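K.L.:
Before I ask anything, let me first share the structure, which is written out below as structure tokens.
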2 protein chains.
Amino acid sequence: MKQITGTKQKILDTAERLFGERGYDGTSLRHIIAEAGVNLAAVHYHFGSKQELLDEVVLRKAGPVNEARLALLDRIEAEAGRRPPAVEKVLEAFLGPMVESAERNPQFVRLMGRMHAEGLIPGILRKHFQPAASRFLAALRRALPGLSEQEFLWRMHFMIGAMAHTMCRSPEFPGAAAGDVRSRIARLVVFLSAGFRAPAPRLRRSR
Amino acid sequence: MKQITGTKQKILDTAERLFGERGYDGTSLRHIIAEAGVNLAAVHYHFGSKQELLDEVVLRKAGPVNEARLALLDRIEAEAGRRPPAVEKVLEAFLGPMVESAERNPQFVRLMGRMHAEGLIPGILRKHFQPAASRFLAALRRALPGLSEQEFLWRMHFMIGAMAHTMCRSPEFPGAAAGDVRSRIARLVVFLSAGFRAPAPRLRRSR
DNA sequence: GTCTATACTGAGATAGAC
DNA sequence: GTCTATCTCAGTATAGAC
């Protein structure tokens, strides 16, 4: 385990902080290197491009979050035995670890929300979260056998939107005590579970 | 009614199209002026800045949408008499006109979603939609007397997130027939109504 | 292998001639 | 009202010092 030179580390740390504070587009490489006290070209040497820097910032944090999520899901599924676990449980397992990460490092969840916001960046989120997310998708699917595949996918999208927006905008939100992340999750879980459980709409043949 | 010079109009039309197609950050002024066949400085002469150009693009479309929304809300409230109208009705009145606008001009709703996404741009959406939105907020509030103010506001945020994400990302979405906007709305309304109606969570004193 | 200096291209903005 | 020229600041690329 060699101690990494420091330059790369400093860039990562500073980038994580600034991306979280001001967004990806809102943070210039020059701002990052100024605060980190390194040279501009060092960024491209170590990471190749601004996007790849972001990629590594996300990667560093996404790993632990995903592991925690999957561990929770394992436990929940074990507890449920052969029956599918409750929607609420699955959603909590999905949202909880992100929240704990947020408590240790508020900037990170902010960044997650922002990234979803800024258009997902080509596919970074998908890349890092897809593997874990698809297991949750399957678990939710089992918990909601009554929904058509299409209806189910739409509801996943509604969920993702609500989640991202909540993570991203909550700090600047009236009445949202800064540290009150747990109740934020509780509220989200209740809201989303009810939405997921709602009977599917009867649709007129379109047009 | 003087015929506007043409330059301003051309810029607006082109900007609306390109912003919708490639997002705000993804569209350079130079790209806009090239397609519109005008000079770069003309943009700053007529609009002042790229942001203010976006502002006017939104303004041009937001007006009719808001009028339609409020007209629907009036009708619904009249029909309901002294009783508050159903959550579903209010949500439909809110989402419907946006959808109709989308059918005439798919790019616009796309842009709306994207703007929410790209970080709201300082306050453009708030500026143009707040007046109408606050009447809807009041109507929803009356339809949901059981919720605490705070719970209610959070749920509004969940709704906005789901809405924005759905508008923004739906075109590139598997299984989403392009023209199938009406059923998209129906699904959203069902999902959100159920969420709004869910009993509020019991929250542990935080921490 | 690491890092620095510097140059290149394209962005938004602005002053001033016409 | 319109256009040219120019400014500043992005992200990126490369040559070469250590």
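The chains in the structure tokens are called A, B, ... from first to last as shown; in each chain the residues are counted from 1, and the ligands are counted from 1 in the order shown.
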Show me a table, sorted first by chain and then by increasing residue number, of the residues of chain A having an atom at most 10 Å from chain C, each with its shortest atom pair and the distance in Å to one decimal, counting only C-alpha atoms (C1' of nucleotides) and written as a Markdown table.
P.N.:
| residue | atom | partner | partner_atom | distance |
| --- | --- | --- | --- | --- |
| A:Thr5 | CA | C:DT2 | C1' | 9.2 |
| A:Thr7 | CA | C:DC3 | C1' | 9.5 |
| A:Val38 | CA | C:DC3 | C1' | 9.1 |
| A:Asn39 | CA | C:DT4 | C1' | 7.0 |
| A:Leu40 | CA | C:DT4 | C1' | 8.9 |
| A:Ala41 | CA | C:DT4 | C1' | 7.8 |
| A:Ala42 | CA | C:DC3 | C1' | 6.4 |
| A:Tyr45 | CA | C:DC3 | C1' | 8.6 |
| A:His46 | CA | C:DT2 | C1' | 9.5 |
K.L.:
What are the nearest atom pairs, with distances in Å to one decimal, for all residues of chain A that come at most 8 Å from chain D, using only C-alpha atoms (C1' of nucleotides), set out by chain and rising residue number as a Markdown table?
P.N.:
| residue | atom | partner | partner_atom | distance |
| --- | --- | --- | --- | --- |
| A:Ser28 | CA | D:DA10 | C1' | 7.2 |
| A:Leu29 | CA | D:DG11 | C1' | 7.9 |
| A:Ser49 | CA | D:DT12 | C1' | 8.0 |
| A:Lys50 | CA | D:DG11 | C1' | 7.9 |
K.L.:
Using only C-alpha atoms, what does the table of chain A residues within 8 Å of chain B look like, with each row giving the shortest atom pair and its distance in Å to one decimal, sorted by chain and ascending number, as JSON lines?
P.N.:
{"residue": "A:Arg114", "atom": "CA", "partner": "B:Gly119", "partner_atom": "CA", "distance": 7.2}
{"residue": "A:His116", "atom": "CA", "partner": "B:Ala117", "partner_atom": "CA", "distance": 7.4}
{"residue": "A:Ala117", "atom": "CA", "partner": "B:Ala117", "partner_atom": "CA", "distance": 4.1}
{"residue": "A:Glu118", "atom": "CA", "partner": "B:Glu118", "partner_atom": "CA", "distance": 4.3}
{"residue": "A:Gly119", "atom": "CA", "partner": "B:Ala117", "partner_atom": "CA", "distance": 6.4}
{"residue": "A:Gln150", "atom": "CA", "partner": "B:Gly175", "partner_atom": "CA", "distance": 6.9}
{"residue": "A:Glu151", "atom": "CA", "partner": "B:Arg187", "partner_atom": "CA", "distance": 7.5}
{"residue": "A:Trp154", "atom": "CA", "partner": "B:Arg187", "partner_atom": "CA", "distance": 7.7}
{"residue": "A:Arg155", "atom": "CA", "partner": "B:Phe191", "partner_atom": "CA", "distance": 7.3}
{"residue": "A:His157", "atom": "CA", "partner": "B:Thr166", "partner_atom": "CA", "distance": 6.8}
{"residue": "A:Phe158", "atom": "CA", "partner": "B:Ala162", "partner_atom": "CA", "distance": 4.5}
{"residue": "A:Met159", "atom": "CA", "partner": "B:Ala162", "partner_atom": "CA", "distance": 6.5}
{"residue": "A:Ile160", "atom": "CA", "partner": "B:Ala162", "partner_atom": "CA", "distance": 7.1}
{"residue": "A:Gly161", "atom": "CA", "partner": "B:Ala162", "partner_atom": "CA", "distance": 4.2}
{"residue": "A:Ala162", "atom": "CA", "partner": "B:Gly161", "partner_atom": "CA", "distance": 4.2}
{"residue": "A:Met163", "atom": "CA", "partner": "B:Gly161", "partner_atom": "CA", "distance": 7.2}
{"residue": "A:Ala164", "atom": "CA", "partner": "B:Gly161", "partner_atom": "CA", "distance": 7.0}
{"residue": "A:His165", "atom": "CA", "partner": "B:Gly161", "partner_atom": "CA", "distance": 4.8}
{"residue": "A:Thr166", "atom": "CA", "partner": "B:Phe158", "partner_atom": "CA", "distance": 6.6}
{"residue": "A:Gly175", "atom": "CA", "partner": "B:Gln150", "partner_atom": "CA", "distance": 6.9}
{"residue": "A:Asp180", "atom": "CA", "partner": "B:Ser206", "partner_atom": "CA", "distance": 6.3}
{"residue": "A:Arg182", "atom": "CA", "partner": "B:Ser206", "partner_atom": "CA", "distance": 7.1}
{"residue": "A:Ser183", "atom": "CA", "partner": "B:Leu203", "partner_atom": "CA", "distance": 6.2}
{"residue": "A:Ala186", "atom": "CA", "partner": "B:Pro201", "partner_atom": "CA", "distance": 6.6}
{"residue": "A:Arg187", "atom": "CA", "partner": "B:Pro201", "partner_atom": "CA", "distance": 6.2}
{"residue": "A:Leu188", "atom": "CA", "partner": "B:Phe158", "partner_atom": "CA", "distance": 7.5}
{"residue": "A:Val190", "atom": "CA", "partner": "B:Pro201", "partner_atom": "CA", "distance": 6.5}
{"residue": "A:Phe191", "atom": "CA", "partner": "B:Gly195", "partner_atom": "CA", "distance": 4.2}
{"residue": "A:Leu192", "atom": "CA", "partner": "B:Gly195", "partner_atom": "CA", "distance": 6.0}
{"residue": "A:Ser193", "atom": "CA", "partner": "B:Gly195", "partner_atom": "CA", "distance": 7.4}
{"residue": "A:Ala194", "atom": "CA", "partner": "B:Gly195", "partner_atom": "CA", "distance": 5.0}
{"residue": "A:Gly195", "atom": "CA", "partner": "B:Phe191", "partner_atom": "CA", "distance": 4.2}
{"residue": "A:Phe196", "atom": "CA", "partner": "B:Phe191", "partner_atom": "CA", "distance": 6.7}
{"residue": "A:Ala198", "atom": "CA", "partner": "B:Ala194", "partner_atom": "CA", "distance": 6.0}
{"residue": "A:Pro199", "atom": "CA", "partner": "B:Val190", "partner_atom": "CA", "distance": 7.9}
{"residue": "A:Ala200", "atom": "CA", "partner": "B:Arg187", "partner_atom": "CA", "distance": 7.3}
{"residue": "A:Pro201", "atom": "CA", "partner": "B:Arg187", "partner_atom": "CA", "distance": 6.2}
{"residue": "A:Leu203", "atom": "CA", "partner": "B:Ser183", "partner_atom": "CA", "distance": 6.2}
{"residue": "A:Arg204", "atom": "CA", "partner": "B:Ser183", "partner_atom": "CA", "distance": 7.7}
{"residue": "A:Ser206", "atom": "CA", "partner": "B:Asp180", "partner_atom": "CA", "distance": 6.3}
K.L.:
Rank A:Glu103, A:Glu16, A:Glu77, A:Glu35 by their smallest atom-to-atom distance to A:Arg142, using only C-alpha atoms, and report the top residue only.
P.N.:
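Smallest separation from A:Arg142 among the options: A:Glu77.
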K.L.:
Where does DSSP see alpha helix (DSSP H) in stretch 6-123 of chain A, if you list the residues as a count of residues only?
P.N.:
93
K.L.:
So what do you get for atom CA of B:Gly146 versus atom CA of A:Glu92, distance-wise?
P.N.:
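Between atom CA of B:Gly146 and atom CA of A:Glu92 the gap is 24.5 Å.
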K.L.:
Tell me which protein, DNA and RNA residues are within 10 Å of B:Asn66, counting only C-alpha atoms (C1' of nucleotides), leaving out same-chain ones fewer than 6 positions away, and put them as a ChimeraX atom specification.
P.N.:
/B:72,94,97-98,128-133
K.L.:
Report, in Å with one decimal, the straight-line distance from atom CA of B:Ser101 to atom CA of B:Gly123.
P.N.:
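Rounded to one decimal, the two atoms are 21.7 Å apart.
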K.L.:
Which residues come within 9 Å of B:Leu53, counting only C-alpha atoms (C1' of nucleotides), excluding same-chain residues fewer than 4 positions away, as a ChimeraX atom specification?
P.N.:
/B:11-12,15,43-44,46-49,57-58
K.L.:
With N, CA, C and O atoms retained, write the just-selected residues as a JSON list (two decimals), in the first residue's frame.
P.N.:
[["chain", "number", "residue", "atom", "x", "y", "z"],
["B", 11, "ILE", "N", -34.02, 34.58, -33.61],
["B", 11, "ILE", "CA", -33.19, 34.12, -32.50],
["B", 11, "ILE", "C", -34.02, 33.32, -31.50],
["B", 11, "ILE", "O", -33.64, 32.23, -31.08],
["B", 12, "LEU", "N", -35.19, 33.85, -31.18],
["B", 12, "LEU", "CA", -36.05, 33.16, -30.23],
["B", 12, "LEU", "C", -36.43, 31.76, -30.71],
["B", 12, "LEU", "O", -36.33, 30.78, -29.97],
["B", 15, "ALA", "N", -33.38, 29.46, -30.79],
["B", 15, "ALA", "CA", -32.94, 29.14, -29.42],
["B", 15, "ALA", "C", -33.88, 28.13, -28.78],
["B", 15, "ALA", "O", -33.43, 27.16, -28.15],
["B", 43, "VAL", "N", -27.64, 39.05, -30.37],
["B", 43, "VAL", "CA", -28.23, 38.36, -29.21],
["B", 43, "VAL", "C", -28.12, 39.24, -27.97],
["B", 43, "VAL", "O", -29.09, 39.44, -27.25],
["B", 44, "HIS", "N", -26.93, 39.77, -27.78],
["B", 44, "HIS", "CA", -26.74, 40.59, -26.58],
["B", 44, "HIS", "C", -27.45, 41.92, -26.70],
["B", 44, "HIS", "O", -27.86, 42.50, -25.71],
["B", 46, "HIS", "N", -30.41, 42.33, -28.20],
["B", 46, "HIS", "CA", -31.84, 42.12, -27.99],
["B", 46, "HIS", "C", -32.17, 41.54, -26.63],
["B", 46, "HIS", "O", -33.24, 41.79, -26.08],
["B", 47, "PHE", "N", -31.25, 40.74, -26.09],
["B", 47, "PHE", "CA", -31.61, 40.01, -24.87],
["B", 47, "PHE", "C", -30.69, 40.28, -23.69],
["B", 47, "PHE", "O", -31.07, 40.04, -22.55],
["B", 48, "GLY", "N", -29.51, 40.76, -23.98],
["B", 48, "GLY", "CA", -28.61, 41.09, -22.87],
["B", 48, "GLY", "C", -27.63, 39.99, -22.51],
["B", 48, "GLY", "O", -26.47, 40.24, -22.31],
["B", 49, "SER", "N", -28.15, 38.78, -22.42],
["B", 49, "SER", "CA", -27.27, 37.67, -22.08],
["B", 49, "SER", "C", -27.93, 36.37, -22.49],
["B", 49, "SER", "O", -29.12, 36.33, -22.83],
["B", 57, "VAL", "N", -37.44, 32.87, -23.95],
["B", 57, "VAL", "CA", -37.93, 31.66, -24.60],
["B", 57, "VAL", "C", -39.00, 31.01, -23.72],
["B", 57, "VAL", "O", -40.07, 30.62, -24.19],
["B", 58, "VAL", "N", -38.68, 30.93, -22.45],
["B", 58, "VAL", "CA", -39.62, 30.30, -21.53],
["B", 58, "VAL", "C", -40.89, 31.13, -21.40],
["B", 58, "VAL", "O", -42.01, 30.62, -21.47]]
